$ cat final-v5.cif   # mmCIF, C-alpha atoms
data_target
#
loop_
_atom_site.label_atom_id
_atom_site.label_comp_id
_atom_site.auth_asym_id
_atom_site.auth_seq_id
_atom_site.Cartn_x
_atom_site.Cartn_y
_atom_site.Cartn_z
CA MET A 844 6.41 -4.33 -25.01
CA THR A 845 9.71 -2.69 -25.80
CA ALA A 846 12.33 -1.69 -23.29
CA LEU A 847 13.20 2.00 -23.40
CA GLN A 848 16.60 3.19 -24.57
CA PRO A 849 18.31 6.56 -24.65
CA GLY A 850 17.13 8.43 -27.73
CA ASP A 851 13.63 6.97 -27.63
CA THR A 852 10.63 9.21 -27.33
CA PHE A 853 8.84 8.59 -24.03
CA PRO A 854 5.56 6.77 -24.78
CA SER A 855 2.68 9.18 -25.30
CA ASP A 856 -0.30 9.48 -22.98
CA VAL A 857 0.94 7.28 -20.18
CA THR A 858 -1.52 7.80 -17.36
CA PHE A 859 -0.53 7.51 -13.74
CA SER A 860 -2.72 8.31 -10.76
CA TYR A 861 -2.00 10.17 -7.54
CA ILE A 862 -3.37 12.21 -4.68
CA PRO A 863 -2.02 15.77 -4.89
CA PHE A 864 -0.28 17.13 -1.82
CA ASP A 865 -2.71 19.01 0.40
CA GLU A 866 -1.57 20.50 3.66
CA ALA A 867 -5.06 20.16 5.12
CA ILE A 868 -4.90 16.39 4.85
CA SER A 869 -1.19 15.97 5.29
CA ASN A 870 -1.21 13.96 8.48
CA GLY A 871 -0.56 10.26 8.14
CA THR A 872 -4.00 8.86 8.66
CA SER A 873 -6.40 10.96 6.57
CA CYS A 874 -6.98 10.45 2.87
CA GLY A 875 -7.45 12.44 -0.32
CA ARG A 876 -8.97 11.70 -3.71
CA PRO A 877 -6.91 10.33 -6.60
CA VAL A 878 -6.56 12.23 -9.88
CA ASN A 879 -4.97 11.24 -13.18
CA TYR A 880 -1.47 12.33 -14.18
CA ASN A 881 -0.88 12.43 -17.94
CA THR A 882 2.82 12.26 -18.74
CA SER A 883 2.51 13.82 -22.23
CA LYS A 884 1.14 16.93 -20.60
CA GLU A 885 3.11 16.94 -17.37
CA PHE A 886 6.53 15.95 -18.75
CA ALA A 887 6.43 18.38 -21.73
CA ASN A 888 9.46 20.70 -21.83
CA LYS A 889 10.75 19.41 -18.51
CA ARG A 890 13.69 17.40 -17.28
CA VAL A 891 12.07 14.62 -15.32
CA ILE A 892 13.34 11.63 -13.40
CA LEU A 893 11.09 8.60 -13.16
CA VAL A 894 12.08 5.95 -10.65
CA SER A 895 10.08 2.74 -10.40
CA VAL A 896 10.05 0.44 -7.39
CA PRO A 897 8.36 -2.92 -6.77
CA GLY A 898 6.35 -1.69 -3.82
CA ALA A 899 5.69 1.02 -1.26
CA PHE A 900 6.88 0.30 2.26
CA THR A 901 8.98 -2.67 1.12
CA PRO A 902 12.38 -3.21 2.69
CA THR A 903 14.70 -2.41 -0.18
CA CYS A 904 12.69 0.57 -1.42
CA SER A 905 12.08 2.21 1.91
CA ALA A 906 15.36 1.35 3.49
CA ARG A 907 17.73 2.12 0.66
CA HIS A 908 16.32 3.25 -2.67
CA LEU A 909 14.03 6.12 -1.81
CA PRO A 910 16.15 7.76 0.91
CA GLY A 911 19.04 8.12 -1.53
CA LEU A 912 16.82 10.16 -3.83
CA LEU A 913 15.21 12.23 -1.10
CA GLU A 914 18.53 13.09 0.50
CA ASN A 915 19.84 14.53 -2.76
CA LEU A 916 17.01 16.78 -3.89
CA ASP A 917 19.19 19.89 -3.90
CA ARG A 918 21.71 18.21 -6.19
CA PHE A 919 18.97 17.07 -8.57
CA LYS A 920 17.53 20.57 -8.65
CA ALA A 921 20.97 22.06 -9.33
CA LEU A 922 21.33 19.67 -12.25
CA GLY A 923 18.13 20.94 -13.85
CA VAL A 924 15.74 18.22 -12.78
CA GLN A 925 12.31 19.86 -12.55
CA GLN A 926 10.28 16.86 -11.46
CA ILE A 927 10.99 13.57 -9.74
CA THR A 928 8.36 10.87 -9.99
CA ILE A 929 8.36 7.64 -8.03
CA ILE A 930 6.06 4.99 -9.43
CA ALA A 931 4.86 1.65 -8.08
CA TYR A 932 1.97 -0.74 -8.59
CA ASN A 933 0.37 0.20 -5.25
CA ASP A 934 -2.83 2.23 -5.32
CA PRO A 935 -2.84 6.04 -4.89
CA TYR A 936 -3.92 5.81 -1.25
CA VAL A 937 -0.93 3.69 -0.39
CA MET A 938 1.43 5.84 -2.47
CA ASN A 939 0.12 8.96 -0.74
CA ALA A 940 0.61 7.36 2.65
CA TRP A 941 4.14 6.41 1.64
CA ARG A 942 4.83 10.01 0.61
CA LYS A 943 3.57 11.27 3.95
CA ASN A 944 5.60 8.72 5.78
CA ASN A 945 8.72 9.93 4.00
CA GLU A 946 7.86 13.49 4.98
CA VAL A 947 7.66 14.79 1.42
CA GLN A 948 5.72 18.01 1.75
CA ASP A 949 5.46 19.37 -1.79
CA ASP A 950 5.00 18.22 -5.38
CA TYR A 951 8.65 18.20 -6.46
CA VAL A 952 8.69 14.49 -5.73
CA LEU A 953 5.45 12.82 -6.78
CA PHE A 954 4.41 9.35 -5.67
CA LEU A 955 2.41 7.90 -8.55
CA THR A 956 0.45 4.72 -9.10
CA ASP A 957 1.06 2.80 -12.30
CA PRO A 958 -2.52 1.49 -12.58
CA ALA A 959 -2.60 -2.26 -13.26
CA THR A 960 1.18 -1.99 -13.81
CA ALA A 961 0.26 -0.81 -17.33
CA PHE A 962 3.30 1.37 -18.04
CA ALA A 963 5.82 -1.12 -16.65
CA LYS A 964 4.16 -3.83 -18.74
CA GLN A 965 4.25 -1.61 -21.82
CA ILE A 966 8.03 -1.31 -21.56
CA GLY A 967 8.46 -4.84 -20.24
CA TRP A 968 10.06 -3.85 -16.94
CA THR A 969 7.93 -5.68 -14.41
CA LYS A 970 8.53 -7.88 -11.39
CA GLY A 971 5.74 -10.44 -11.39
CA GLU A 972 2.54 -8.42 -11.05
CA ARG A 973 4.55 -5.55 -9.67
CA THR A 974 6.42 -2.70 -11.26
CA GLY A 975 10.11 -3.48 -11.72
CA ARG A 976 12.98 -1.49 -10.27
CA PHE A 977 14.29 0.96 -12.85
CA ALA A 978 15.12 4.61 -13.51
CA ILE A 979 14.51 6.83 -16.52
CA VAL A 980 15.59 10.39 -17.25
CA ILE A 981 13.33 12.25 -19.66
CA ASP A 982 14.22 15.58 -21.29
CA GLY A 983 11.12 17.09 -22.88
CA ASN A 984 9.62 13.67 -23.63
CA LYS A 985 12.96 12.35 -24.98
CA VAL A 986 14.50 9.51 -23.01
CA THR A 987 18.14 10.26 -22.15
CA TYR A 988 18.73 7.53 -19.57
CA ALA A 989 16.90 4.28 -19.00
CA ALA A 990 18.14 1.39 -16.91
CA LYS A 991 16.53 -1.54 -15.17
CA GLU A 992 18.19 -3.24 -12.23
CA PRO A 993 19.63 -6.57 -13.36
CA GLY A 994 19.32 -8.08 -9.87
CA SER A 995 17.91 -7.19 -6.51
CA GLU A 996 20.64 -4.67 -5.71
CA ILE A 997 20.32 -0.94 -6.25
CA THR A 998 22.91 0.06 -8.80
CA VAL A 999 21.84 1.61 -12.13
CA SER A 1000 18.62 3.04 -10.66
CA SER A 1001 20.24 4.63 -7.62
CA ALA A 1002 20.45 8.32 -6.84
CA GLU A 1003 24.22 8.13 -7.33
CA ALA A 1004 23.89 6.58 -10.79
CA LEU A 1005 21.39 9.24 -11.81
CA LEU A 1006 23.51 12.07 -10.43
CA ASN A 1007 26.59 10.72 -12.19
CA PHE A 1008 24.69 10.61 -15.46
CA LEU A 1009 23.25 14.12 -15.02
CA GLU A 1010 26.69 15.54 -14.23
CA GLN A 1011 28.02 14.23 -17.51
CA ILE A 1012 25.40 15.57 -19.90
CA MET B 407 -18.60 -20.25 -2.33
CA ALA B 408 -21.32 -18.83 -0.11
CA PRO B 409 -20.22 -16.40 2.59
CA LEU B 410 -20.06 -17.76 6.15
CA LYS B 411 -23.08 -17.03 8.31
CA ALA B 412 -23.86 -17.21 12.00
CA GLY B 413 -23.82 -20.84 13.14
CA ASP B 414 -21.25 -21.97 10.57
CA LYS B 415 -17.94 -23.47 11.63
CA PHE B 416 -14.84 -21.47 10.72
CA PRO B 417 -13.05 -23.36 7.92
CA LYS B 418 -9.67 -25.07 8.20
CA GLY B 419 -6.61 -24.01 6.28
CA VAL B 420 -7.18 -20.27 6.27
CA ALA B 421 -3.95 -18.27 6.28
CA PHE B 422 -2.99 -14.63 6.01
CA ILE B 423 0.38 -12.94 5.62
CA TRP B 424 1.75 -10.41 8.02
CA ALA B 425 4.87 -8.54 8.94
CA PRO B 426 4.93 -8.23 12.73
CA ILE B 427 4.89 -4.63 13.93
CA THR B 428 7.95 -4.01 16.06
CA SER B 429 8.22 -0.23 16.06
CA ASP B 430 6.29 2.96 15.39
CA ASP B 431 8.42 3.83 12.38
CA ALA B 432 6.75 2.90 9.08
CA THR B 433 10.02 3.31 7.19
CA VAL B 434 11.38 0.30 9.08
CA CYS B 435 10.08 -2.75 7.27
CA GLY B 436 9.21 -6.14 8.65
CA ILE B 437 9.66 -9.60 7.20
CA PRO B 438 6.39 -11.10 5.91
CA GLN B 439 5.38 -14.48 7.28
CA ASP B 440 2.30 -16.69 7.35
CA PHE B 441 -0.43 -16.20 9.95
CA GLU B 442 -2.30 -19.47 10.21
CA ALA B 443 -5.84 -19.20 11.51
CA ASP B 444 -5.82 -22.89 12.49
CA LYS B 445 -3.13 -22.04 15.04
CA GLU B 446 -3.78 -18.40 15.94
CA PHE B 447 -7.58 -18.51 16.26
CA THR B 448 -7.88 -21.77 18.19
CA GLY B 449 -9.52 -21.27 21.58
CA LYS B 450 -9.89 -17.55 21.03
CA LYS B 451 -12.76 -15.22 20.43
CA VAL B 452 -11.85 -13.38 17.25
CA VAL B 453 -13.22 -10.31 15.50
CA ILE B 454 -12.35 -10.19 11.80
CA VAL B 455 -12.74 -6.85 10.05
CA SER B 456 -12.35 -6.73 6.28
CA VAL B 457 -11.75 -3.46 4.43
CA PRO B 458 -11.38 -2.59 0.73
CA GLY B 459 -7.95 -1.06 1.22
CA ALA B 460 -5.37 0.29 3.60
CA PHE B 461 -5.19 4.07 3.78
CA THR B 462 -8.47 4.49 1.84
CA PRO B 463 -10.98 7.15 2.91
CA GLY B 464 -13.85 5.03 4.21
CA CYS B 465 -11.61 2.57 6.01
CA GLN B 466 -9.33 5.09 7.48
CA ALA B 467 -11.75 7.77 8.50
CA ASN B 468 -14.69 5.75 9.77
CA HIS B 469 -13.95 2.09 9.99
CA LEU B 470 -10.59 1.33 11.54
CA PRO B 471 -10.15 4.06 14.20
CA PRO B 472 -13.27 3.07 16.18
CA TYR B 473 -11.94 -0.49 16.42
CA LEU B 474 -8.64 0.75 17.81
CA LYS B 475 -10.42 3.16 20.11
CA ASN B 476 -12.78 0.45 21.37
CA PHE B 477 -10.16 -2.28 21.61
CA ASP B 478 -10.37 -2.37 25.41
CA ALA B 479 -14.18 -2.41 25.29
CA LEU B 480 -14.03 -5.34 22.88
CA LYS B 481 -11.63 -7.15 25.18
CA SER B 482 -13.92 -6.55 28.13
CA LYS B 483 -16.63 -8.34 26.13
CA GLY B 484 -14.37 -11.38 25.86
CA VAL B 485 -12.69 -10.70 22.54
CA ASP B 486 -9.16 -12.12 22.50
CA ILE B 487 -7.92 -10.79 19.17
CA VAL B 488 -8.99 -8.39 16.44
CA VAL B 489 -7.66 -8.92 12.91
CA VAL B 490 -8.01 -6.35 10.16
CA ILE B 491 -7.63 -7.80 6.68
CA ALA B 492 -7.33 -6.27 3.19
CA SER B 493 -5.94 -7.21 -0.20
CA ASN B 494 -2.87 -5.00 0.28
CA ASP B 495 0.46 -6.74 0.78
CA ALA B 496 1.95 -7.39 4.20
CA TRP B 497 4.29 -4.40 4.06
CA VAL B 498 1.47 -1.98 3.39
CA MET B 499 -0.66 -3.53 6.14
CA ASN B 500 2.27 -3.27 8.53
CA ALA B 501 2.75 0.41 7.65
CA TRP B 502 -0.96 1.06 8.02
CA GLY B 503 -0.93 -0.44 11.48
CA LYS B 504 2.01 1.67 12.51
CA VAL B 505 0.59 5.01 11.41
CA ASN B 506 -2.55 4.13 13.35
CA GLY B 507 -0.58 3.53 16.51
CA ALA B 508 -1.00 -0.22 16.57
CA ASN B 509 2.52 -0.81 17.82
CA GLY B 510 2.25 -2.28 21.31
CA LYS B 511 -1.32 -3.51 20.82
CA ASP B 512 -0.38 -7.16 20.87
CA SER B 513 -3.74 -8.68 20.01
CA PHE B 514 -4.66 -6.32 17.18
CA TYR B 515 -3.33 -7.62 13.88
CA PHE B 516 -3.03 -6.07 10.42
CA LEU B 517 -3.03 -8.92 7.91
CA SER B 518 -2.76 -9.26 4.16
CA ASP B 519 -5.54 -11.42 2.72
CA THR B 520 -3.49 -12.41 -0.31
CA LYS B 521 -2.61 -15.91 0.84
CA THR B 522 -5.85 -17.93 0.81
CA LYS B 523 -8.16 -15.05 -0.18
CA PHE B 524 -10.49 -15.54 2.77
CA SER B 525 -12.71 -12.59 1.89
CA GLU B 526 -13.31 -13.84 -1.63
CA ASN B 527 -13.84 -17.45 -0.59
CA TYR B 528 -15.65 -17.19 2.75
CA GLY B 529 -16.74 -13.58 3.04
CA TRP B 530 -17.54 -10.93 0.50
CA ALA B 531 -15.46 -9.36 -2.27
CA ALA B 532 -15.78 -5.67 -3.06
CA GLY B 533 -16.61 -6.12 -6.72
CA MET B 534 -13.77 -3.68 -7.48
CA GLY B 535 -10.81 -5.54 -8.91
CA ASP B 536 -9.46 -7.97 -6.33
CA ARG B 537 -10.30 -5.85 -3.33
CA ASN B 538 -11.93 -7.18 -0.19
CA GLY B 539 -15.44 -6.18 0.70
CA ARG B 540 -16.26 -4.26 3.85
CA TRP B 541 -17.59 -6.64 6.44
CA ALA B 542 -17.14 -7.95 9.99
CA MET B 543 -17.24 -11.41 11.50
CA VAL B 544 -17.05 -12.77 15.03
CA VAL B 545 -15.67 -16.26 15.64
CA GLU B 546 -16.25 -17.85 19.04
CA LYS B 547 -13.68 -19.84 21.02
CA ASP B 548 -15.07 -23.13 19.72
CA GLY B 549 -14.72 -21.97 16.11
CA THR B 550 -18.39 -21.16 15.56
CA VAL B 551 -19.17 -18.02 13.60
CA SER B 552 -21.56 -15.94 15.71
CA TYR B 553 -21.76 -12.80 13.58
CA ALA B 554 -21.13 -12.20 9.87
CA GLU B 555 -22.39 -9.02 8.27
CA ASN B 556 -21.49 -7.38 4.97
CA GLU B 557 -22.01 -3.66 4.38
CA PRO B 558 -24.90 -3.18 1.93
CA SER B 559 -23.05 -0.15 0.59
CA PRO B 560 -19.24 -0.40 0.80
CA GLY B 561 -18.82 3.35 1.31
CA GLN B 562 -20.79 3.15 4.54
CA VAL B 563 -19.80 1.72 7.89
CA THR B 564 -22.81 0.31 9.70
CA VAL B 565 -23.08 -3.44 10.37
CA SER B 566 -19.31 -3.89 10.11
CA GLY B 567 -18.44 -1.06 12.48
CA ALA B 568 -17.01 -1.41 15.96
CA GLU B 569 -20.26 -0.18 17.51
CA ALA B 570 -22.40 -2.75 15.72
CA VAL B 571 -20.04 -5.53 16.73
CA LEU B 572 -19.90 -4.30 20.33
CA ALA B 573 -23.68 -4.15 20.44
CA LYS B 574 -23.84 -7.75 19.25
CA LEU B 575 -21.38 -8.89 21.92
#
$ encode --input "final-v5.cif" --output "structure tokens"
Amino acid sequence: MTALQPGDTFPSDVTFSYIPFDEAISNGTSCGRPVNYNTSKEFANKRVILVSVPGAFTPTCSARHLPGLLENLDRFKALGVQQITIIAYNDPYVMNAWRKNNEVQDDYVLFLTDPATAFAKQIGWTKGERTGRFAIVIDGNKVTYAAKEPGSEITVSSAEALLNFLEQI
Amino acid sequence: MAPLKAGDKFPKGVAFIWAPITSDDATVCGIPQDFEADKEFTGKKVVIVSVPGAFTPGCQANHLPPYLKNFDALKSKGVDIVVVIASNDAWVMNAWGKVNGANGKDSFYFLSDTKTKFSENYGWAAGMGDRNGRWAMVVEKDGTVSYAENEPSPGQVTVSGAEAVLAKL
């Protein structure tokens, strides 16, 4: 359990789980089947943002953290971000429902389950049994930004903090 | 502990957690609070439906919608309240209720069974992590359990479905 720092290599073979976007089952009440998401494969040669939240549909995440990211997708794209991933300890069904509820209709922003909070535990950024609130920028498997919220406010993991960082590199 | 069966008295001290549903919008979050069976079930005929998870295929597609659809039929058979329980947290249960149009259905509750783990202690667990099993129970006004049936195969909805419960009533 080691916290990530800029310059670190992103841990290899982290496995998340998710239900890929499918227009046929995109309404809020139907379900899909979860598949694995291997970061070594999926993050390779990409600029990726990984944002972790303590829970889907929870007040701080839904009301303030996630909207900031979703409202700025064009700016993230302009700054070379090829993939945004939101992770939480909730299962893939809940994460998929949360995606639908936030009207995300493609795979640019993925809502991923951190099964058994394994990744958050590996880097020590948990909140009880839940994933902690943090943000990481990864450039081709190299960590360039990694910050965990010190309190319950949204500061270093916010869309603004990430955009500020990306504008400076 | 053995699961409750018809003829048993409903135990004291059972509590769930819920975030009251106050709008249709699942991005608006509620504040979780206790739901004490000692208080809420007293003098009421209650149907308890346990599912392995919010937003999961079996629950969503086959199990929950018939209960919502037949809510009036259940009420006409003397049912005062229906509670759907799962191991998800109160925010997820709240969101699940909203996307299923439960807002405005005052006696249909979506509750998190993470407080006193009723399913594990008095019903049936799923045998998959800490998930609830798929089962249904009817508790009479005097607190006597009159129906308690667990699905022999958790992927199927038979004895725990709205139709089976209606037939029993």
$ residues_near_point --input "final-v5.cif" --point "(18.0, 10.7, -2.0)" --cutoff "12 Å" --atoms "all atoms listed in the file" --output "PyMOL selection string"
chain A and resi 894+904-920+927+929+945+947+952+1000-1006
$ interface_residues --input "final-v5.cif" --of "chain B" --to "chain A" --cutoff "12 Å" --atoms "only C-alpha atoms" --output "PyMOL selection string"
chain B and resi 425+430-438+458-468+470-471+493-507+535-537
$ residues_around --input "final-v5.cif" --residues "Phe477 (chain B)" --least-positions-apart "3" --cutoff "10 Å" --atoms "only C-alpha atoms" --output "count of residues only"
16
$ resolve_selection --input "final-v5.cif" --expression "the PyMOL selection byres ((chain A and resi 858-867) around 7)" --output "PDB file with C-alpha atoms, in the coordinates of the input"
ATOM      1  CA  ASP A 856      -0.300   9.480 -22.980  1.00  0.00           C
ATOM      2  CA  VAL A 857       0.940   7.280 -20.180  1.00  0.00           C
ATOM      3  CA  ILE A 868      -4.900  16.390   4.850  1.00  0.00           C
ATOM      4  CA  SER A 869      -1.190  15.970   5.290  1.00  0.00           C
ATOM      5  CA  GLY A 875      -7.450  12.440  -0.320  1.00  0.00           C
ATOM      6  CA  ARG A 876      -8.970  11.700  -3.710  1.00  0.00           C
ATOM      7  CA  PRO A 877      -6.910  10.330  -6.600  1.00  0.00           C
ATOM      8  CA  VAL A 878      -6.560  12.230  -9.880  1.00  0.00           C
ATOM      9  CA  ASN A 879      -4.970  11.240 -13.180  1.00  0.00           C
ATOM     10  CA  TYR A 880      -1.470  12.330 -14.180  1.00  0.00           C
ATOM     11  CA  ASN A 881      -0.880  12.430 -17.940  1.00  0.00           C
ATOM     12  CA  THR A 882       2.820  12.260 -18.740  1.00  0.00           C
ATOM     13  CA  PRO A 935      -2.840   6.040  -4.890  1.00  0.00           C
ATOM     14  CA  ASN A 939       0.120   8.960  -0.740  1.00  0.00           C
ATOM     15  CA  ASP A 949       5.460  19.370  -1.790  1.00  0.00           C
ATOM     16  CA  ASP A 950       5.000  18.220  -5.380  1.00  0.00           C
ATOM     17  CA  PHE A 954       4.410   9.350  -5.670  1.00  0.00           C
ATOM     18  CA  LEU A 955       2.410   7.900  -8.550  1.00  0.00           C
ATOM     19  CA  THR A 956       0.450   4.720  -9.100  1.00  0.00           C
ATOM     20  CA  ASP A 957       1.060   2.800 -12.300  1.00  0.00           C
ATOM     21  CA  PRO A 958      -2.520   1.490 -12.580  1.00  0.00           C
TER      22      PRO A 958
END
$ residues_around --input "final-v5.cif" --residues "region 572-575 of chain B" --least-positions-apart "4" --cutoff "12 Å" --atoms "all atoms listed in the file" --output "compact mmCIF listing (two decimals) with C-alpha atoms, keeping the file's coordinate frame"
# COMPACT_ATOMS: atom_id res chain seq x y z
CA ALA B 412 -23.86 -17.21 12.00
CA LYS B 451 -12.76 -15.22 20.43
CA VAL B 452 -11.85 -13.38 17.25
CA VAL B 453 -13.22 -10.31 15.50
CA PRO B 472 -13.27 3.07 16.18
CA TYR B 473 -11.94 -0.49 16.42
CA ASN B 476 -12.78 0.45 21.37
CA PHE B 477 -10.16 -2.28 21.61
CA ASP B 478 -10.37 -2.37 25.41
CA ALA B 479 -14.18 -2.41 25.29
CA LEU B 480 -14.03 -5.34 22.88
CA LYS B 481 -11.63 -7.15 25.18
CA SER B 482 -13.92 -6.55 28.13
CA LYS B 483 -16.63 -8.34 26.13
CA GLY B 484 -14.37 -11.38 25.86
CA VAL B 485 -12.69 -10.70 22.54
CA ALA B 542 -17.14 -7.95 9.99
CA MET B 543 -17.24 -11.41 11.50
CA VAL B 544 -17.05 -12.77 15.03
CA VAL B 545 -15.67 -16.26 15.64
CA GLU B 546 -16.25 -17.85 19.04
CA SER B 552 -21.56 -15.94 15.71
CA TYR B 553 -21.76 -12.80 13.58
CA ALA B 554 -21.13 -12.20 9.87
CA GLU B 555 -22.39 -9.02 8.27
CA THR B 564 -22.81 0.31 9.70
CA VAL B 565 -23.08 -3.44 10.37
CA SER B 566 -19.31 -3.89 10.11
CA GLY B 567 -18.44 -1.06 12.48
CA ALA B 568 -17.01 -1.41 15.96
